[in-house]
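Below is input.txt, holding compact mmCIF, C-alpha atoms.
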```txt
# COMPACT_ATOMS: atom_id res chain seq x y z
CA MET A 1 0.00 0.00 0.00
CA ASP A 2 1.48 3.33 -1.11
CA PHE A 3 0.87 6.52 0.87
CA LEU A 4 0.31 9.74 -1.09
CA ARG A 5 0.62 12.98 0.90
CA PRO A 6 -0.12 16.07 -1.19
CA ALA A 7 0.71 19.49 0.27
CA SER A 8 -2.04 21.42 -1.53
CA TRP A 9 -5.53 20.91 -2.95
CA GLU A 10 -4.13 21.13 -6.48
CA GLU A 11 -1.63 18.39 -5.71
CA ALA A 12 -4.40 16.27 -4.20
CA LEU A 13 -6.52 16.60 -7.35
CA ALA A 14 -3.54 15.73 -9.52
CA ALA A 15 -2.78 12.66 -7.40
CA LYS A 16 -6.39 11.50 -7.58
CA ALA A 17 -6.39 11.97 -11.35
CA GLU A 18 -3.20 9.91 -11.66
CA HIS A 19 -4.40 7.25 -9.20
CA PRO A 20 -8.23 7.07 -9.45
CA THR A 21 -8.39 4.07 -7.10
CA ALA A 22 -6.62 5.97 -4.31
CA VAL A 23 -8.74 6.07 -1.14
CA PRO A 24 -8.86 9.50 0.52
CA ILE A 25 -8.13 9.60 4.23
CA ALA A 26 -8.56 12.60 6.54
CA GLY A 27 -10.05 11.69 9.92
CA GLY A 28 -9.61 8.01 9.09
CA THR A 29 -12.38 6.96 11.46
CA ASP A 30 -14.01 4.71 8.83
CA VAL A 31 -11.10 3.87 6.53
CA MET A 32 -8.69 2.73 9.25
CA VAL A 33 -11.28 0.42 10.78
CA GLU A 34 -11.75 -1.30 7.42
CA ILE A 35 -7.99 -1.56 6.89
CA ASN A 36 -7.30 -2.82 10.42
CA PHE A 37 -9.90 -5.58 10.03
CA ASP A 38 -8.58 -6.37 6.54
CA HIS A 39 -11.93 -5.55 4.96
CA ARG A 40 -10.17 -3.19 2.59
CA ARG A 41 -6.67 -3.15 1.15
CA PRO A 42 -6.35 -0.19 -1.25
CA GLU A 43 -3.35 0.18 -3.50
CA TYR A 44 -3.01 3.85 -2.53
CA LEU A 45 -4.05 5.95 0.44
CA LEU A 46 -4.45 9.66 -0.30
CA ASP A 47 -3.76 11.64 2.88
CA LEU A 48 -5.65 14.96 2.89
CA ASN A 49 -4.59 16.16 6.32
CA ARG A 50 -2.25 18.83 4.97
CA ILE A 51 -5.05 20.49 2.97
CA GLU A 52 -6.01 23.47 5.10
CA LEU A 53 -9.03 24.57 3.03
CA LEU A 54 -10.81 21.31 3.86
CA ARG A 55 -10.83 22.33 7.54
CA GLU A 56 -12.28 25.78 6.94
CA TRP A 57 -15.89 26.96 7.15
CA GLU A 58 -17.62 30.19 6.28
CA VAL A 59 -21.01 31.51 7.35
CA GLY A 60 -22.59 33.58 4.58
CA GLU A 61 -25.84 35.51 4.45
CA GLU A 62 -27.86 32.47 3.42
CA ASN A 63 -25.56 29.44 3.47
CA VAL A 64 -22.80 27.78 5.43
CA ARG A 65 -19.81 26.58 3.43
CA LEU A 66 -18.46 23.61 5.37
CA GLY A 67 -15.10 22.13 4.46
CA ALA A 68 -15.13 18.35 4.08
CA SER A 69 -12.70 17.85 6.98
CA VAL A 70 -14.17 20.30 9.51
CA PRO A 71 -14.31 18.13 12.68
CA TYR A 72 -17.64 17.37 14.29
CA THR A 73 -16.42 19.11 17.44
CA GLN A 74 -16.09 22.39 15.52
CA ILE A 75 -19.62 22.00 14.14
CA MET A 76 -20.96 21.47 17.66
CA GLU A 77 -19.06 24.43 19.10
CA ASN A 78 -19.33 26.98 16.29
CA LEU A 79 -22.34 26.21 14.08
CA ARG A 80 -25.07 25.22 16.49
CA ALA A 81 -27.25 28.23 15.60
CA GLU A 82 -26.78 27.98 11.83
CA LEU A 83 -26.90 24.18 11.52
CA PRO A 84 -28.80 22.89 14.57
CA GLY A 85 -29.72 19.53 13.07
CA LEU A 86 -26.15 18.75 12.04
CA ALA A 87 -24.86 19.96 15.42
CA LEU A 88 -27.22 17.55 17.18
CA ALA A 89 -26.10 14.73 14.90
CA SER A 90 -22.45 15.60 15.61
CA HIS A 91 -23.08 15.08 19.34
CA THR A 92 -23.98 11.44 18.67
CA VAL A 93 -20.81 10.61 16.74
CA ALA A 94 -18.73 8.04 18.61
CA SER A 95 -16.35 9.51 21.23
CA PRO A 96 -14.73 12.93 21.82
CA GLN A 97 -11.53 11.67 20.20
CA ILE A 98 -13.33 10.64 17.02
CA ARG A 99 -15.41 13.84 16.98
CA ASN A 100 -12.12 15.74 17.04
CA ARG A 101 -10.91 13.86 13.94
CA GLY A 102 -13.91 12.90 11.86
CA GLY A 103 -15.83 15.19 9.51
CA VAL A 104 -18.86 15.23 7.26
CA GLY A 105 -16.73 14.54 4.18
CA GLY A 106 -15.82 11.14 5.58
CA ASN A 107 -19.47 10.22 6.12
CA LEU A 108 -20.28 11.29 2.57
CA GLY A 109 -17.30 9.49 1.06
CA THR A 110 -18.10 6.23 2.85
CA ALA A 111 -21.83 6.68 2.12
CA SER A 112 -22.79 4.13 4.75
CA PRO A 113 -26.55 4.21 5.42
CA ALA A 114 -25.63 4.35 9.13
CA GLY A 115 -23.54 7.53 8.83
CA ASP A 116 -24.68 9.94 11.53
CA ALA A 117 -24.56 13.12 9.41
CA HIS A 118 -26.75 11.90 6.55
CA PRO A 119 -30.27 12.43 8.00
CA ALA A 120 -29.40 16.00 9.03
CA LEU A 121 -27.92 16.80 5.61
CA LEU A 122 -31.01 15.40 3.85
CA ALA A 123 -33.38 17.33 6.11
CA ALA A 124 -31.44 20.56 5.58
CA GLY A 125 -31.23 20.10 1.80
CA ALA A 126 -27.44 20.27 1.46
CA GLU A 127 -25.35 20.37 -1.71
CA VAL A 128 -22.01 18.59 -2.03
CA GLU A 129 -19.28 20.38 -3.97
CA VAL A 130 -16.83 17.96 -5.58
CA GLU A 131 -13.82 18.71 -7.73
CA SER A 132 -11.31 17.10 -10.05
CA VAL A 133 -8.67 18.38 -12.44
CA ARG A 134 -11.55 18.66 -14.94
CA GLY A 135 -13.42 21.20 -12.79
CA ASN A 136 -15.97 21.28 -9.99
CA ARG A 137 -19.68 20.48 -9.74
CA PHE A 138 -22.45 20.60 -7.16
CA ILE A 139 -24.41 17.45 -6.32
CA PRO A 140 -27.75 17.87 -4.50
CA ILE A 141 -27.80 15.66 -1.42
CA ASP A 142 -30.88 13.84 -2.77
CA GLU A 143 -28.80 12.65 -5.72
CA PHE A 144 -25.60 11.87 -3.85
CA TYR A 145 -26.36 8.38 -2.49
CA THR A 146 -26.52 5.84 -5.32
CA GLY A 147 -26.44 2.49 -3.50
CA VAL A 148 -25.16 0.65 -0.45
CA LYS A 149 -21.94 2.50 0.42
CA ARG A 150 -21.90 4.05 -3.05
CA ASN A 151 -22.08 7.70 -4.02
CA ALA A 152 -22.20 9.89 -7.11
CA LEU A 153 -18.48 10.72 -7.16
CA GLN A 154 -16.50 10.03 -10.31
CA PRO A 155 -13.23 8.10 -9.80
CA ASP A 156 -11.08 11.24 -10.14
CA GLU A 157 -13.22 13.48 -7.90
CA LEU A 158 -12.75 14.52 -4.28
CA ILE A 159 -15.29 16.04 -1.89
CA LYS A 160 -14.33 19.65 -1.25
CA THR A 161 -17.17 21.44 0.53
CA VAL A 162 -20.72 20.92 1.74
CA HIS A 163 -23.05 23.87 1.21
CA ILE A 164 -25.95 23.99 3.67
CA LYS A 165 -28.63 26.65 3.91
CA LYS A 166 -28.70 28.32 7.31
CA ALA A 167 -31.63 27.12 9.39
CA ASP A 168 -34.70 29.33 9.02
CA GLY A 169 -36.68 27.18 11.43
CA PRO A 170 -36.29 24.49 14.11
CA GLN A 171 -34.41 21.28 13.36
CA GLN A 172 -34.11 18.03 15.29
CA TYR A 173 -32.16 14.78 15.17
CA SER A 174 -32.47 11.47 17.02
CA LYS A 175 -30.51 8.25 16.92
CA VAL A 176 -31.30 4.82 18.34
CA GLY A 177 -28.33 2.71 19.36
CA THR A 178 -27.66 -0.44 21.32
CA ARG A 179 -25.88 1.64 23.97
CA ASN A 180 -25.42 5.32 24.78
CA ALA A 181 -22.03 6.03 23.17
CA MET A 182 -19.53 4.67 20.63
CA VAL A 183 -22.30 2.96 18.71
CA ILE A 184 -23.41 2.51 15.12
CA ALA A 185 -27.00 3.67 14.67
CA VAL A 186 -29.73 1.04 14.69
CA CYS A 187 -31.70 3.81 12.99
CA ALA A 188 -31.69 7.60 12.94
CA PHE A 189 -34.04 10.38 11.94
CA GLY A 190 -33.71 14.07 11.15
CA LEU A 191 -36.40 16.71 10.68
CA ALA A 192 -36.18 20.34 9.58
CA LEU A 193 -38.94 22.93 9.37
CA HIS A 194 -38.45 25.49 6.59
CA PRO A 195 -40.93 28.30 7.36
CA GLU A 196 -39.65 30.50 4.51
CA THR A 197 -40.87 27.96 1.96
CA ARG A 198 -43.52 26.45 4.27
CA THR A 199 -42.08 22.99 3.81
CA VAL A 200 -40.78 20.17 5.97
CA ARG A 201 -37.89 17.88 5.08
CA THR A 202 -36.86 14.59 6.66
CA GLY A 203 -33.86 12.28 6.69
CA ILE A 204 -33.73 8.60 7.62
CA GLY A 205 -30.53 6.73 8.41
CA SER A 206 -29.71 3.04 8.88
CA ALA A 207 -33.20 1.93 7.84
CA ALA A 208 -32.77 1.50 4.07
CA PRO A 209 -29.96 0.59 1.65
CA THR A 210 -29.08 4.29 1.47
CA PRO A 211 -29.92 7.35 3.55
CA ILE A 212 -33.36 8.48 2.36
CA ARG A 213 -36.12 11.04 2.82
CA ALA A 214 -39.70 10.15 3.70
CA LYS A 215 -41.11 12.05 0.73
CA GLU A 216 -44.71 10.88 1.01
CA ALA A 217 -44.72 11.86 4.68
CA GLU A 218 -43.31 15.27 3.78
CA ALA A 219 -45.93 15.81 1.09
CA PHE A 220 -48.73 14.83 3.47
CA LEU A 221 -47.50 17.10 6.25
CA ASN A 222 -46.83 20.03 3.91
CA ALA A 223 -50.40 19.80 2.62
CA ALA A 224 -51.89 19.36 6.10
CA LEU A 225 -50.03 22.35 7.53
CA GLU A 226 -51.02 24.53 4.59
CA GLU A 227 -54.66 23.48 4.47
CA GLY A 228 -55.05 23.92 8.22
CA GLY A 229 -53.35 27.31 8.21
CA PHE A 230 -50.91 26.04 10.84
CA TRP A 231 -47.98 28.14 9.62
CA ASP A 232 -50.03 31.29 10.22
CA ASN A 233 -52.15 30.45 13.25
CA GLY A 234 -49.45 28.55 15.16
CA LYS A 235 -51.98 26.03 16.48
CA ILE A 236 -50.89 22.73 17.95
CA ILE A 237 -50.68 20.00 15.31
CA THR A 238 -53.52 17.54 15.85
CA PRO A 239 -52.70 14.00 17.02
CA SER A 240 -54.24 12.52 13.86
CA ILE A 241 -51.88 14.55 11.64
CA ALA A 242 -48.88 13.63 13.79
CA LYS A 243 -49.82 9.94 13.70
CA GLN A 244 -50.31 9.89 9.94
CA PHE A 245 -46.96 11.64 9.45
CA ALA A 246 -45.24 9.11 11.73
CA ASP A 247 -46.89 6.16 9.98
CA LEU A 248 -45.78 7.43 6.57
CA CYS A 249 -42.21 7.94 7.83
CA SER A 250 -42.22 4.39 9.16
CA ALA A 251 -43.55 3.09 5.84
CA ALA A 252 -40.78 4.91 3.95
CA ALA A 253 -38.13 2.83 5.69
CA ASN A 254 -36.85 -0.28 3.94
CA PRO A 255 -34.66 -1.87 6.63
CA ILE A 256 -33.07 -5.27 7.15
CA ASP A 257 -32.68 -7.61 10.09
CA ASP A 258 -29.12 -7.64 11.43
CA VAL A 259 -27.21 -8.04 14.69
CA ARG A 260 -28.15 -4.49 15.78
CA GLY A 261 -31.90 -4.73 15.31
CA THR A 262 -34.79 -6.19 13.36
CA ALA A 263 -36.48 -4.56 10.40
CA LYS A 264 -39.74 -4.41 12.36
CA TYR A 265 -38.08 -2.60 15.25
CA ARG A 266 -36.37 -0.13 12.92
CA ARG A 267 -39.66 0.79 11.23
CA HIS A 268 -41.32 1.23 14.60
CA ALA A 269 -38.46 3.38 15.94
CA VAL A 270 -38.45 5.62 12.86
CA GLY A 271 -42.15 6.33 13.39
CA ILE A 272 -41.64 7.13 17.07
CA MET A 273 -38.75 9.48 16.34
CA ALA A 274 -40.72 11.20 13.57
CA ARG A 275 -43.72 11.85 15.81
CA ARG A 276 -41.60 13.12 18.69
CA GLN A 277 -39.46 15.37 16.52
CA LEU A 278 -42.52 16.86 14.86
CA GLY A 279 -43.83 17.75 18.31
CA TRP A 280 -40.50 19.22 19.46
CA THR A 281 -39.87 21.30 16.35
CA TRP A 282 -43.44 22.57 16.13
CA GLU A 283 -43.36 23.68 19.77
CA GLN A 284 -40.13 25.55 19.02
CA TYR A 285 -41.77 27.18 16.00
CA ARG A 286 -44.86 28.15 17.98
CA GLY A 287 -42.72 29.51 20.81
CA ALA A 288 -40.67 31.62 18.42
CA GLY A 289 -43.88 33.00 16.90
CA ARG A 290 -45.30 33.96 20.29
CA THR A 291 -42.02 35.68 21.21
CA LEU A 292 -42.07 37.74 18.00
CA GLU A 293 -45.73 38.69 18.52
CA GLY A 294 -44.99 39.82 22.07
CA ALA A 295 -42.03 41.90 20.94
CA ALA A 296 -44.16 43.60 18.29
```

Starting from the coordinates I provided, produce the structure as C-alpha cells.
Amino acid sequence: MDFLRPASWEEALAAKAEHPTAVPIAGGTDVMVEINFDHRRPEYLLDLNRIELLREWEVGEENVRLGASVPYTQIMENLRAELPGLALASHTVASPQIRNRGGVGGNLGTASPAGDAHPALLAAGAEVEVESVRGNRFIPIDEFYTGVKRNALQPDELIKTVHIKKADGPQQYSKVGTRNAMVIAVCAFGLALHPETRTVRTGIGSAAPTPIRAKEAEAFLNAALEEGGFWDNGKIITPSIAKQFADLCSAAANPIDDVRGTAKYRRHAVGIMARRQLGWTWEQYRGAGRTLEGAA
C-alpha cells in the first residue's frame, strides 16, 4: 500500500487523477477500521490532512460553506445556531476523540446508510461540492447516495465542501443505538422545518440501503399544515396529523434484520422518532412565533 501525501488541494486533485483508485483519508475513522480488520486493502491511500481549506468553514448571508474535513467538534461548538440539526447529529458521533478527527466529508465518502450526518444533511437540503482536475460540480444531497456505500463521485473526484442553507426554522435529530455512546445507529431520523418555503424535510438513516427522505410523509405534512393554516395560526398539530406523518415515515423505511436490530423494530423506531421530533420542532416554531408577537 502506497501513501500519497499532497501538500495542496491542487496536488491532491492531480494525485487523484493519476491514481483514481486511491482512497482519501482525513479523519480516518471509517477507513482505518476497514484496513485494520482487513476488509479493505487499497493500493493507494491519499492523505488529505495537509489540505487546510478542507478544515475551513464560512457563514454567509444564506448558506454555510463547510469544508469536508471540519471536525464534528467544531460544528458542535461553532455552528449550532446555523446548523442545529447537524450539530445535534455531531453530538452522537462516537467519542470525543473521534469527533475531534472525523468530519462530514468522511461520512459522505463512505456513504454508509448508518452515517450519523446523513439524516441532518437530507433534512437541511445540502449540496455537495466535488472537484477534479476537470473542474468542480455541485451534487444535491438527494442525488448523492446511489447504492449501499456508493455515491455519485466520479473516480477522479474529491469532496471539497458541503453547502448547507442556514436554518430558518427548528431542526431536530435522534438516533437509536444499542448503547449510549460509541455505537453505530440502529436507525436515525432528522427533521427540519423550513418556514420560509412552508415545507418540511426529513432524513432517515440506517433503515434502508441508502440514507433516504420520507417524501410521502413530507408531502402529506406540507399539505396538512397549509390546508389547516398552521404556519399562520401557530396552532398545535392535531394527534391525527402527527400519527399519519409518523406512519408514513415508518412506511418509507426499507430496513433489514441484522445483529443491531430487526427490520420491524427499525420501522417502529423511525415512526416514534418522527412523531416526537414533529412535536418538538413545532413547539419551538410556535414559541418563536409567540415571542415575536410579544415583541411587536

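Of the residues listed (A:Phe230, A:Phe3, A:Tyr145, A:Tyr173), A:Tyr145 shows the shortest atom-to-atom separation from Thr210 in chain A; distances use all atoms listed in the file.
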
*Residues near range 274-291 of chain A, cut-off 7 Å, only C-alpha atoms, skip fewer than 4 positions along chain, as a ChimeraX atom specification*: /A:169-172,189,191,234,242-243,246,249,270,295

Can you write out the residues you just picked, keeping C-alpha atoms, as a compact mmCIF listing (two decimals), in the coordinates of the input?
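Saved to out_33.txt:
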```
# COMPACT_ATOMS: atom_id res chain seq x y z
CA GLY A 169 -36.68 27.18 11.43
CA PRO A 170 -36.29 24.49 14.11
CA GLN A 171 -34.41 21.28 13.36
CA GLN A 172 -34.11 18.03 15.29
CA PHE A 189 -34.04 10.38 11.94
CA LEU A 191 -36.40 16.71 10.68
CA GLY A 234 -49.45 28.55 15.16
CA ALA A 242 -48.88 13.63 13.79
CA LYS A 243 -49.82 9.94 13.70
CA ALA A 246 -45.24 9.11 11.73
CA CYS A 249 -42.21 7.94 7.83
CA VAL A 270 -38.45 5.62 12.86
CA ALA A 295 -42.03 41.90 20.94
```

*Using all atoms listed in the file: which of A:Asp116, A:Asp30, A:Glu196, A:Glu82 has the shortest distance to Val59 in chain A*: A:Glu82

*Give me, please, the distance in Å between CA of Ala207 in chain A and CA of Ala253 in chain A, quoted to one decimal.*
5.5 Å

_One number please: CA of Glu18 in chain A to CA of Asn151 in chain A, in Å, one decimal._
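These atoms are spaced 20.5 Å apart.
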
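The gap separating CA of Leu48 in chain A from CA of Ala7 in chain A is 8.2 Å, in Å to one decimal.
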
*asked:* Using only C-alpha atoms and a cutoff of 9 Å, can you tell me which residues are near (-30.1, 17.2, 11.9) in the file's coordinates, and write them out as number ranges by chain?
replied: A: 83-90, 117-124, 171-174, 189-192, 202-203

Just-selected residues, C-alpha atoms written as a CSV table (one decimal), in the frame of the given file:
```csv
chain,number,residue,atom,x,y,z
A,83,LEU,CA,-26.9,24.2,11.5
A,84,PRO,CA,-28.8,22.9,14.6
A,85,GLY,CA,-29.7,19.5,13.1
A,86,LEU,CA,-26.2,18.8,12.0
A,87,ALA,CA,-24.9,20.0,15.4
A,88,LEU,CA,-27.2,17.6,17.2
A,89,ALA,CA,-26.1,14.7,14.9
A,90,SER,CA,-22.4,15.6,15.6
A,117,ALA,CA,-24.6,13.1,9.4
A,118,HIS,CA,-26.8,11.9,6.6
A,119,PRO,CA,-30.3,12.4,8.0
A,120,ALA,CA,-29.4,16.0,9.0
A,121,LEU,CA,-27.9,16.8,5.6
A,122,LEU,CA,-31.0,15.4,3.8
A,123,ALA,CA,-33.4,17.3,6.1
A,124,ALA,CA,-31.4,20.6,5.6
A,171,GLN,CA,-34.4,21.3,13.4
A,172,GLN,CA,-34.1,18.0,15.3
A,173,TYR,CA,-32.2,14.8,15.2
A,174,SER,CA,-32.5,11.5,17.0
A,189,PHE,CA,-34.0,10.4,11.9
A,190,GLY,CA,-33.7,14.1,11.2
A,191,LEU,CA,-36.4,16.7,10.7
A,192,ALA,CA,-36.2,20.3,9.6
A,202,THR,CA,-36.9,14.6,6.7
A,203,GLY,CA,-33.9,12.3,6.7
```
